[in-house]
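Reviewing the structure listed below.
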Amino acid sequence: MDMYRLPAEWEPQSAVQLTWPTPLSDWRDNIREINATYVEMATAIARYEKVLIVASAMCSIPTSLRRNKNVRMVREEYNDTWARDHAFISLVGDGEKPRLLNFKFNGWGMKFNYHLDNALNLSLWQDLGLKKNCSLGLNSDFVLEGGSIESDGCGTVFTTSQCLLAPNRNQPLTQKQIEIQLMLRLHARRIVWLDHGNLLGDDTDGHIDTIVRTAPDDTLLYIRCNNKRDPQHDDFQRLEKQLEELRTLDGKPYRLLPLPMPRALYDDDGERMPATYANFLVINGAVLVPTYNQTDNDQAAMRTIATAFPGRDIIGIDARQIIRQHGSIHCCTMQYPAGVF
């Protein structure tokens with residue numbers, strides 16, 4: 001009997017990893033502002049569970065965090081800060097140690113430098129002594145980013161065809177072959193492929209965590225676009241229709257909770273940034289929700305997320321600095337299940 005599974009994000013956690021922005025990276029033009037956002041995220045998470053801060057030698061971590069009993073810091077070198085995509089993906093198993101899967105990260109299809117990011121997990125494995133509490137799953141022959149998969153904890157893993165079939169990921173494997181690999185490596189019962197909802201400005205080729213997220217009781221939260229003048233409107237309408245046609249393993253329709261599409265935000269070059277409320281982070285006792293200084297949309301998104309996660313504190317984090325580099329809160333973080341730390 002297969003004892004392992006990919007847990008849902010709302011299951012008990014031992015820590016959340018943040019890989020800190022460095023002044024030599026693409027964050028250099030807003031390093032002070034993004035540092036303040038990371039401090040806010042780390043401080044909020046530390047109220048509920050441990051925070052693992054991975055920081056390069058160039059990073060200055062505030063004393064308030066270094067002295068926080070729920071914060072652990074380790075010095076490593078890396079290319080960029082997107083922990084969701086370069087960190088371990090964790091499996092849990094009844095009576096088994098958590099298993100940390102080290103997939104290959106290649107800069108979202110070789111778009112950006114990635115060699116230090118790709119080596120980071122094995123350095124952490126050694127430096128943090130993770131062998132004591134976990135087993136290691138080497139999957140360096142297969143490209144997979146944490147933001148490209150979403151689990152309900154019961155054997156269904158959601159992903160998007162536009163990402164996993166994008167160039168320079170796992171070619172020449174076909175969709176069916178990739179599905180088989182996902183099921184084997186993630187111990188999944190089935191893979192659900194979504195074919196629509198690629199956000200403008202997203203350079204990950206359409207990560208699932210920007211458009212559709214799972215929640216307890218067969219619930220899916222998803223981005224709905226009601227503005228017919230938005231060039232994304234038709235694609236997101238097709239996404240909604242696809243979700244309406246989905247069924248659970250028990251053959252029942254999902255409970256669908258729509259999140260608003262933020263009004264368009266643009267960078268200094270006039271390019272649209274991929275602002276989304278789906279990129280929230282679930283932690284022990286709380287949910288961190290990205291906000292964009294749009295009071296009506298921000299509040300509506302937080303109300304909907306509160307409905308999906310009753311009993312958890314809903315904490316808004318201004319994500320306008322994060323999306324300047326085309327990500328949001330979930331992209332910056334990676335949770336580890338209970339028992340890892």
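Every chain in the structure tokens takes a letter, A first, then B, and so on in the order presented; its residues are numbered from 1, and the ligands are numbered from 1 following the presented order.
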Hey, could you make a per-residue contact list for region 186-287 of chain A against region 31-53 of chain A with 10 Å as the cut-off, showing the nearest pair of atoms and its distance in Å to one decimal, counting only C-alpha atoms, sorted by chain and number, as JSON lines?
{"residue": "A:Leu281", "atom": "CA", "partner": "A:Ile45", "partner_atom": "CA", "distance": 9.7}
{"residue": "A:Val282", "atom": "CA", "partner": "A:Ile45", "partner_atom": "CA", "distance": 9.8}
{"residue": "A:Ile283", "atom": "CA", "partner": "A:Ile45", "partner_atom": "CA", "distance": 7.4}
{"residue": "A:Asn284", "atom": "CA", "partner": "A:Tyr48", "partner_atom": "CA", "distance": 5.9}
{"residue": "A:Gly285", "atom": "CA", "partner": "A:Tyr48", "partner_atom": "CA", "distance": 6.6}
{"residue": "A:Ala286", "atom": "CA", "partner": "A:Tyr48", "partner_atom": "CA", "distance": 7.6}
{"residue": "A:Val287", "atom": "CA", "partner": "A:Ile45", "partner_atom": "CA", "distance": 9.3}
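Once region 189-200 of chain A and its same-chain neighbours fewer than 2 positions away are set aside, A:Gly155, A:Thr156, A:Val157, A:Phe158, A:Thr159, A:Thr160, A:Ser161, A:Gln162, A:Glu179, A:Leu182, A:Met183, A:His187, A:Asp202, A:Asp205, A:Gly206, A:His207, A:Thr210, A:Ile211, A:Gln232, A:Asp235, A:Phe236, A:Arg238, A:Leu239, A:Gln242, A:Arg272, A:Met273, A:Pro274 remain within 8 Å of it when counting only C-alpha atoms.
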Checklist entry - Which residues, written as a PyMOL selection string, have at least one atom at most 8 Å from region 123-138 of chain A, with only C-alpha atoms counted and residues fewer than 5 positions away on the same chain left out? => result chain A and resi 76+97-103+339-341
Item to check | Those in region 33-161 of chain A with alpha helix (DSSP H) from DSSP, as a ChimeraX atom specification | outcome: /A:33-46,63-66,83-86,107-110,115-127,161
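Among the candidate residues A:Phe309, A:Tyr254, A:Tyr277, A:Tyr336, the one lying nearest to Ala83 (chain A) is A:Tyr336, with distances computed using only C-alpha atoms.
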Checklist entry - Which residue, A:Gly93, A:Gly109, A:Pro260, A:Pro216, has the smallest gap to Asn168 (chain A) when you use only C-alpha atoms? => result A:Gly109
Item to check | From A:Met110, A:Ala264, A:Leu184, A:Ala8, residue lying nearest Asp218 (chain A) [only C-alpha atoms] | outcome: A:Ala8
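Within the 9 Å cut-off around Cys332 (chain A), using only C-alpha atoms and omitting residues fewer than 2 positions from it on the same chain, the listed residues are A:Gln17, A:Leu18, A:Thr19, A:Trp20, A:Tyr38, A:Thr81, A:Trp82, A:Ala83, A:Arg84, A:Asp85, A:Ile322, A:Gly327, A:Ser328, A:Ile329, A:His330, A:Met334.
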If you count only C-alpha atoms, which residues fall within 10 Å of Met58 (chain A), apart from same-chain ones fewer than 4 positions away, as an mmCIF file with N, CA, C and O atoms, in the first residue's frame?
data_model
loop_
_atom_site.group_PDB
_atom_site.id
_atom_site.type_symbol
_atom_site.label_atom_id
_atom_site.label_comp_id
_atom_site.auth_asym_id
_atom_site.auth_seq_id
_atom_site.Cartn_x
_atom_site.Cartn_y
_atom_site.Cartn_z
ATOM 1 N N TRP A 20 15.507 35.223 0.714
ATOM 2 C CA TRP A 20 15.489 36.684 0.846
ATOM 3 C C TRP A 20 15.998 37.398 -0.413
ATOM 4 O O TRP A 20 16.961 36.945 -1.049
ATOM 5 N N PRO A 21 15.377 38.525 -0.779
ATOM 6 C CA PRO A 21 15.851 39.292 -1.939
ATOM 7 C C PRO A 21 17.270 39.827 -1.724
ATOM 8 O O PRO A 21 17.623 40.223 -0.609
ATOM 9 N N THR A 22 18.053 39.815 -2.782
ATOM 10 C CA THR A 22 19.424 40.324 -2.683
ATOM 11 C C THR A 22 19.583 41.584 -3.533
ATOM 12 O O THR A 22 18.929 41.740 -4.562
ATOM 13 N N PRO A 23 20.466 42.482 -3.115
ATOM 14 C CA PRO A 23 20.653 43.735 -3.856
ATOM 15 C C PRO A 23 21.334 43.549 -5.205
ATOM 16 O O PRO A 23 21.370 44.486 -6.010
ATOM 17 N N LEU A 24 21.872 42.384 -5.488
ATOM 18 C CA LEU A 24 22.514 42.128 -6.775
ATOM 19 C C LEU A 24 21.568 41.465 -7.769
ATOM 20 O O LEU A 24 21.956 41.201 -8.908
ATOM 21 N N ARG A 75 22.680 30.914 5.908
ATOM 22 C CA ARG A 75 23.334 31.637 4.816
ATOM 23 C C ARG A 75 23.626 30.686 3.661
ATOM 24 O O ARG A 75 24.299 29.660 3.839
ATOM 25 N N GLU A 77 23.835 30.730 -1.033
ATOM 26 C CA GLU A 77 23.842 31.558 -2.228
ATOM 27 C C GLU A 77 22.835 31.002 -3.234
ATOM 28 O O GLU A 77 22.629 29.794 -3.329
#
Checklist entry - If you run DSSP on the backbone, which residues of region 106-283 of chain A are strand (DSSP E or B), as a ChimeraX atom specification? => result /A:135-143,150-151,156-160,190-194,212-215,219-224,247,253,255-260,266,272,281-283
Output N, CA and C atoms for every residue in that selection, as a short mmCIF file (atom, residue, chain, number, x, y, z; two decimals), in the first residue's frame.
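Ended up saving to out.cif:
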data_model
loop_
_atom_site.label_atom_id
_atom_site.label_comp_id
_atom_site.auth_asym_id
_atom_site.auth_seq_id
_atom_site.Cartn_x
_atom_site.Cartn_y
_atom_site.Cartn_z
N SER A 135 13.29 11.91 4.80
CA SER A 135 13.99 11.19 3.76
C SER A 135 14.07 12.09 2.53
N LEU A 136 15.01 11.78 1.66
CA LEU A 136 15.27 12.61 0.50
C LEU A 136 14.89 11.87 -0.77
N GLY A 137 14.11 12.54 -1.62
CA GLY A 137 13.75 11.98 -2.91
C GLY A 137 14.43 12.75 -4.02
N LEU A 138 15.39 12.12 -4.69
CA LEU A 138 16.12 12.78 -5.77
C LEU A 138 15.35 12.66 -7.08
N ASN A 139 14.93 13.79 -7.60
CA ASN A 139 14.15 13.83 -8.84
C ASN A 139 14.77 14.80 -9.82
N SER A 140 16.10 14.87 -9.82
CA SER A 140 16.78 15.89 -10.61
C SER A 140 16.74 15.63 -12.11
N ASP A 141 16.12 14.51 -12.50
CA ASP A 141 15.95 14.22 -13.92
C ASP A 141 14.62 14.74 -14.46
N PHE A 142 13.85 15.44 -13.61
CA PHE A 142 12.51 15.89 -14.00
C PHE A 142 12.31 17.33 -13.54
N VAL A 143 11.90 18.20 -14.45
CA VAL A 143 11.67 19.61 -14.13
C VAL A 143 10.28 19.78 -13.54
N GLU A 150 -0.97 21.92 -7.54
CA GLU A 150 -1.85 22.23 -6.41
C GLU A 150 -2.52 20.94 -5.98
N SER A 151 -2.49 20.63 -4.69
CA SER A 151 -3.00 19.36 -4.18
C SER A 151 -4.18 19.56 -3.24
N THR A 156 -5.72 14.10 -5.61
CA THR A 156 -5.89 14.85 -6.85
C THR A 156 -4.88 15.99 -6.89
N VAL A 157 -4.12 16.05 -7.97
CA VAL A 157 -3.16 17.12 -8.18
C VAL A 157 -3.59 17.90 -9.42
N PHE A 158 -3.73 19.20 -9.27
CA PHE A 158 -4.12 20.09 -10.36
C PHE A 158 -2.87 20.73 -10.96
N THR A 159 -2.89 20.92 -12.27
CA THR A 159 -1.82 21.62 -12.94
C THR A 159 -2.38 22.26 -14.21
N THR A 160 -1.51 22.93 -14.98
CA THR A 160 -1.95 23.57 -16.22
C THR A 160 -1.16 23.03 -17.39
N ARG A 190 -4.73 10.96 -9.40
CA ARG A 190 -5.07 11.49 -10.72
C ARG A 190 -4.48 12.88 -10.87
N ILE A 191 -4.30 13.30 -12.12
CA ILE A 191 -3.84 14.64 -12.47
C ILE A 191 -4.96 15.34 -13.23
N VAL A 192 -5.35 16.52 -12.78
CA VAL A 192 -6.35 17.33 -13.47
C VAL A 192 -5.62 18.46 -14.19
N TRP A 193 -5.78 18.48 -15.52
CA TRP A 193 -5.14 19.49 -16.35
C TRP A 193 -6.12 20.62 -16.66
N LEU A 194 -5.73 21.84 -16.38
CA LEU A 194 -6.52 23.01 -16.76
C LEU A 194 -5.85 23.68 -17.96
N VAL A 212 -5.99 29.14 -9.83
CA VAL A 212 -6.91 28.21 -9.17
C VAL A 212 -6.22 27.61 -7.95
N ARG A 213 -6.92 27.61 -6.80
CA ARG A 213 -6.36 27.05 -5.58
C ARG A 213 -7.39 26.14 -4.91
N THR A 214 -6.90 25.11 -4.23
CA THR A 214 -7.77 24.20 -3.51
C THR A 214 -8.01 24.68 -2.10
N ALA A 215 -9.14 24.24 -1.53
CA ALA A 215 -9.51 24.54 -0.15
C ALA A 215 -10.29 23.34 0.38
N THR A 219 -13.43 22.35 -2.34
CA THR A 219 -13.61 23.75 -2.76
C THR A 219 -12.46 24.18 -3.66
N LEU A 220 -12.79 24.90 -4.71
CA LEU A 220 -11.80 25.53 -5.57
C LEU A 220 -12.04 27.03 -5.60
N LEU A 221 -11.00 27.78 -5.28
CA LEU A 221 -11.04 29.23 -5.47
C LEU A 221 -10.37 29.55 -6.80
N TYR A 222 -10.95 30.46 -7.55
CA TYR A 222 -10.41 30.74 -8.89
C TYR A 222 -10.64 32.19 -9.24
N ILE A 223 -9.84 32.68 -10.17
CA ILE A 223 -9.97 34.06 -10.62
C ILE A 223 -11.07 34.14 -11.68
N ARG A 224 -12.00 35.04 -11.44
CA ARG A 224 -13.06 35.31 -12.41
C ARG A 224 -12.84 36.70 -13.01
N ARG A 247 -15.28 17.18 -11.91
CA ARG A 247 -15.90 16.38 -10.84
C ARG A 247 -14.82 15.84 -9.92
N PRO A 253 -19.69 17.63 -8.24
CA PRO A 253 -19.13 18.92 -8.67
C PRO A 253 -18.38 19.59 -7.53
N ARG A 255 -17.22 22.75 -5.19
CA ARG A 255 -17.74 24.04 -4.68
C ARG A 255 -16.80 25.12 -5.22
N LEU A 256 -17.34 26.00 -6.04
CA LEU A 256 -16.53 27.01 -6.71
C LEU A 256 -16.73 28.38 -6.06
N LEU A 257 -15.63 29.01 -5.67
CA LEU A 257 -15.66 30.33 -5.06
C LEU A 257 -14.82 31.28 -5.91
N PRO A 258 -15.45 32.20 -6.64
CA PRO A 258 -14.69 33.11 -7.51
C PRO A 258 -14.02 34.23 -6.73
N LEU A 259 -12.81 34.55 -7.15
CA LEU A 259 -12.07 35.70 -6.64
C LEU A 259 -12.05 36.78 -7.72
N PRO A 260 -12.08 38.05 -7.34
CA PRO A 260 -12.08 39.10 -8.35
C PRO A 260 -10.73 39.19 -9.09
N TYR A 266 0.50 48.20 -13.94
CA TYR A 266 1.54 48.21 -14.98
C TYR A 266 2.88 48.58 -14.36
N ARG A 272 1.81 45.08 -18.41
CA ARG A 272 0.89 44.65 -17.36
C ARG A 272 1.56 43.62 -16.46
N LEU A 281 -1.18 32.47 0.70
CA LEU A 281 -0.45 31.42 1.42
C LEU A 281 -1.25 31.00 2.65
N VAL A 282 -1.51 29.69 2.75
CA VAL A 282 -2.19 29.14 3.92
C VAL A 282 -1.14 28.67 4.91
N ILE A 283 -1.24 29.10 6.16
CA ILE A 283 -0.34 28.66 7.21
C ILE A 283 -1.17 28.18 8.40
#
Checklist entry - By how many Å are CA of Cys225 (chain A) and CA of Thr276 (chain A) apart? => result 11.0 Å
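Counting from CA of Phe280 (chain A), the distance to CA of Asp313 (chain A) is 12.7 Å.
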Next on the checklist: Report as an NGL selection string all protein, DNA and RNA residues lying within 9 Å of Gln294 (chain A), evaluated on only C-alpha atoms, omitting residues in the same chain fewer than 3 positions from it.
Outcome noted: :A and (262-263 or 291 or 297-299)
